[in-house]
Each structure stands twice: as C-alpha cells, then as structure tokens.
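Engineer: Input: one structure, supplied below.
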Amino acid sequence: MDMKVIDQSGGRAVDAMRPPGTRVDVLIVAGNARSLIANRGDLIREMQARGHAVAAAVPRADYLPEVELLGIPVIPLDMARASLAPWQDLRTLAALWLVMRRLRPRVVLGYTVKPVVYGSLAARLAGVPRAYSLITGLGLAFGEARTRRARLLRSLVSLLYRVGLAGNRTVFFQNPDDQEEFLARRILTARSCSVRVNGSGVNLTEYPPCPIPEGPMLFLYVGRLLLDKGVDQFVAAAEQLKPAFPDARFVVVGPHDPKLPHACPAEEVAGWNERGHVEFIGGVRDVRPWLAKCHVFVFPSTYREGIPRCVLEAMATGRAIVTTDAPGCRETVLPGDNGILVPPRDVQSLTRTMRRFLETPELAERMGRASRRLAVERFDVRLVNRVMLEAMGL
C-alpha cells in the first residue's frame, strides 16, 4: 500500500509510511482525489494552520498525482465506488482498518457513501477516538425511486448509513432536506448529534467578483452531462429560445461519460451538437474564464445535491442564478434577490425564466451583485470550515 507525500525540501515523492513516530491527528477518507483537492483543500490547510497533522485516503482508481501538492500523506485504496459486491467492500474495510492501525489518528472524517460507512466502521474497529462524517448530498440512491431495484438500493444504502453512522460523534449535513430525511428514515435518531453547514463553501479569493461582460447574453451550465443534473432541460429551453433570440449564447461546460448511471445517451448528445443551438465545451480544468464570460448561471438539477459547488462558484463570481426548487439547490437562492427558483423538470418554467433575463438584461447585473453578497455572508469557506473544526474540537 503506497503512501506518498511531497517532500517540501526537494519536491520529490517520498514514502511516508515508514518513519517511526509519524503523527497523524486527522485522517480524511475521501470519495475521490479531485474532490479532495477542490472541496477539502481549504479545510486541510486550515487544519494544518491550527497545528494538526493531516493525512487522506482516496480510491486508487481515482488517484491523481496533483493530489500530492496538498502537502499531506495520501493513501490510494482499493475502493469500488459504484459496486455493492460484499467481498470488495470487505477489502475496503480491511484496508482502511490497516491504515488506521498504522497511523493511529485521533480523528477520522469521511464523506460520500463508502468513505462514510466503511471509514466509520474501520475507525470503530481500529479504536480511533473520534469519527465524524460529512453528508455531501444523497446522490442517485435517494433520487426518484421509479423501479423496484432503485427502491431496494435506497433501502440498502439507508441500512449501511445507519450501521456506519452509529459510532459517529457528529454528522455534518449540507442542507436541511438531507438532515430531515436521515431522521425520517431513522438512519439517525433525535438524540444523534448533527450539525448543518453551508455546503463545502467557496474560496472568495480564488473566485473574485467579475463585471458582467458586454455583448449578447450568455447562459452557462457547468456540470457532468447527466439527466439528473438537468442538462437536457437546459438544452430544451435553449432550443426554444434560440430562434427568437439568435444572438444569445447557451454554453455547456462539463464532461460526458455515457457509461455513468443516468448519463445522457450518446446519440442524444450528438443530436444536440448537430442542431447547434447549444455550445458544448467539454471538461475544463478551470471554469473561471467561462464564469467571467457568462451573464446568468443555470443549473436545473434534480440530483440530490448537498449544495452544488458549481453554483457557489458562480455566486462568488457575481452571477445571477437559475436553479431548481430542490434539495441543496434551493439553499443557494433568495428568490427574486440573487436568482430565480424553478420547479424541477419543468422545461416551460425554465424557458420562461431564461426569457425574463433576455427581455430584461439588467436583472443579471442586479441579481449578480446579490449573489456575491450572499456568497460573502453565508458561503465563505472560512465560515464553513470554522463551524466544522469547532464541532470536531480542532
């Protein structure tokens, strides 16, 4: 099992498992390397600034070399994120137990389903004094259960959460809907300690306000090309609006992997490209240039988001928000102030809302200023991290 960290003196990767007396105060069990960098990087740096030694474990399949630039030991684990095969999950549990027995952290923090469940169980078996979990949304398992298989999956995931979270000191939630659902399903009890935070927060320095650009209005969607993320709704609205507003631009930034559950079918994406009403950019390493180009950020998701980070980044940049009145998404909008909420899966309502901005373009600037103000007051990553660190005694 490899564990590497960047040696600050020479910039080379060194083995961090061998030195005797290596002290780890906090072990973060992450859903993937990219989210560890983007969503937990500020939290890690704040922990380090307070004098805590931090390490992380990530699924081997999602390992990225740049994760080592966090300057902490990072352990790749065999963790199949989408599989429910018992033997694979037992291997994950055993690997996490071994890591915790070696490092003996005082605190374990897991986020996303398997890190929460098996990270919490491994912490209990390894004698870790304090385990915490962060629920960053409920995802596909708690979406619309249209089939018997979907209902069985929800019941199984609920059971796994119930078993894993039983030994947690505190469970953090990013929106009230998820917190209430865990109580309603008796995953947690009224006596369980849970704390609500405002998403993962956004770094206001890295995402400064940008002036609204001159020229034709640009509507921007950022996210994977999944039906539950609402990209098909965005395209449908764009195709209704483009003939009446030929100068308007409708841009989708995000990767397409047709193998993912609920991914947009490849032939449908090909049809969208052929008709040409929407520009598809693909995945990018940095969304900020596109945020600077846009006037209105549109995210019609029905995916069980915690609080979508892409929306927080758009708010920090100073963009009006159009999103759904759905768990997680609704937390980002004060209706009529910094944006507009639309009913989930309602293309006509989405189209009418986007038309309002085309007919009254000054709305974008007014609501954009309110978005930045709300990001500063409520979603500053420093405020979010302070709540979590205080609740964890760090």
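Ordering of the structure tokens sets the chain letters (A, B, ...), residue numbers begin anew at 1 in every chain, and ligands are numbered from 1 in the order given.
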Where does range 52-167 of chain A meet range 317-329 of chain A within 10 Å, residue by residue, with the nearest atom pair and distance in Å to one decimal for each, counting only C-alpha atoms, listed by chain and rising number, as a tab-separated table?
Structural biologist:
residue	atom	partner	partner_atom	distance
A:Thr136	CA	A:Gly328	CA	9.4
A:Gly137	CA	A:Gly328	CA	7.5
A:Leu138	CA	A:Pro327	CA	9.6
Engineer: Applying 8 Å and only C-alpha atoms, which residues near Leu312 in chain A remain after dropping the ones on its own chain fewer than 6 positions away? List them as a PyMOL selection string.
Structural biologist: chain A and resi 201-202+332+375+379
Engineer: Between A:Phe297, A:Trp87, A:Trp290, A:Trp97, which one has atoms that come closest to Phe219 in chain A, using only C-alpha atoms?
Structural biologist: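 Selected residue with least distance to Phe219 in chain A: A:Phe297.
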Engineer: I'd like the contact shell of Ala248 in chain A - 12 Å cut-off, only C-alpha atoms, skipping same-chain residues fewer than 4 positions apart - returned as a VMD selection string.
Structural biologist: chain A and resid 215 to 220 238 to 244 277 to 279 294 to 296 354 to 355 357 to 359 361
Engineer: Go ahead and dump the residues you just picked, N, CA and C atoms, as a short mmCIF file (atom, residue, chain, number, x, y, z; two decimals), in the first residue's frame.
Structural biologist:
data_model
loop_
_atom_site.label_atom_id
_atom_site.label_comp_id
_atom_site.auth_asym_id
_atom_site.auth_seq_id
_atom_site.Cartn_x
_atom_site.Cartn_y
_atom_site.Cartn_z
N GLY A 215 -22.02 42.70 -24.60
CA GLY A 215 -22.36 41.80 -25.70
C GLY A 215 -23.57 40.94 -25.41
N PRO A 216 -23.88 40.02 -26.34
CA PRO A 216 -25.07 39.17 -26.21
C PRO A 216 -25.04 38.34 -24.93
N MET A 217 -26.22 38.07 -24.41
CA MET A 217 -26.33 37.33 -23.15
C MET A 217 -25.88 35.89 -23.33
N LEU A 218 -25.09 35.42 -22.34
CA LEU A 218 -24.60 34.05 -22.35
C LEU A 218 -25.11 33.33 -21.11
N PHE A 219 -25.86 32.26 -21.32
CA PHE A 219 -26.32 31.38 -20.24
C PHE A 219 -25.35 30.22 -20.14
N LEU A 220 -24.91 29.92 -18.91
CA LEU A 220 -23.89 28.89 -18.71
C LEU A 220 -24.39 27.78 -17.80
N ALA A 238 -32.97 26.13 -24.24
CA ALA A 238 -32.16 26.87 -25.22
C ALA A 238 -32.73 26.72 -26.63
N GLU A 239 -33.17 25.51 -26.96
CA GLU A 239 -33.67 25.28 -28.31
C GLU A 239 -35.00 25.99 -28.55
N GLN A 240 -35.74 26.26 -27.50
CA GLN A 240 -36.96 27.05 -27.65
C GLN A 240 -36.65 28.54 -27.79
N LEU A 241 -35.59 29.00 -27.12
CA LEU A 241 -35.28 30.43 -27.08
C LEU A 241 -34.43 30.91 -28.26
N LYS A 242 -33.57 30.04 -28.77
CA LYS A 242 -32.60 30.47 -29.77
C LYS A 242 -33.23 31.07 -31.03
N PRO A 243 -34.33 30.51 -31.57
CA PRO A 243 -34.92 31.14 -32.76
C PRO A 243 -35.39 32.57 -32.53
N ALA A 244 -35.91 32.86 -31.33
CA ALA A 244 -36.40 34.21 -31.04
C ALA A 244 -35.27 35.16 -30.63
N HIS A 277 -27.78 24.64 -31.38
CA HIS A 277 -28.30 25.73 -30.56
C HIS A 277 -27.47 25.95 -29.30
N VAL A 278 -26.78 24.90 -28.87
CA VAL A 278 -26.01 24.93 -27.63
C VAL A 278 -24.55 24.60 -27.95
N GLU A 279 -23.64 25.32 -27.31
CA GLU A 279 -22.20 25.06 -27.48
C GLU A 279 -21.74 24.11 -26.37
N CYS A 294 -19.97 34.62 -18.74
CA CYS A 294 -21.42 34.42 -18.74
C CYS A 294 -22.14 35.57 -18.05
N HIS A 295 -23.45 35.63 -18.27
CA HIS A 295 -24.33 36.60 -17.62
C HIS A 295 -25.22 35.93 -16.57
N VAL A 296 -25.68 34.72 -16.87
CA VAL A 296 -26.59 34.00 -15.98
C VAL A 296 -26.13 32.55 -15.88
N MET A 354 -35.59 32.03 -18.21
CA MET A 354 -34.44 32.48 -19.01
C MET A 354 -34.87 33.60 -19.96
N ARG A 355 -36.08 33.54 -20.46
CA ARG A 355 -36.59 34.61 -21.33
C ARG A 355 -36.65 35.95 -20.57
N PHE A 357 -34.62 37.12 -18.45
CA PHE A 357 -33.30 37.76 -18.47
C PHE A 357 -33.00 38.34 -19.86
N LEU A 358 -33.45 37.65 -20.90
CA LEU A 358 -33.23 38.16 -22.25
C LEU A 358 -34.03 39.42 -22.51
N GLU A 359 -35.21 39.50 -21.94
CA GLU A 359 -36.06 40.67 -22.15
C GLU A 359 -35.75 41.80 -21.18
N PRO A 361 -32.38 42.52 -19.43
CA PRO A 361 -30.98 42.15 -19.16
C PRO A 361 -30.39 42.76 -17.89
#
Engineer: Go through range 188-231 of chain A and collect every residue that DSSP, computed from the backbone, puts in strand (DSSP E); the answer should be as number ranges by chain.
Structural biologist: A: 194-196, 218-222
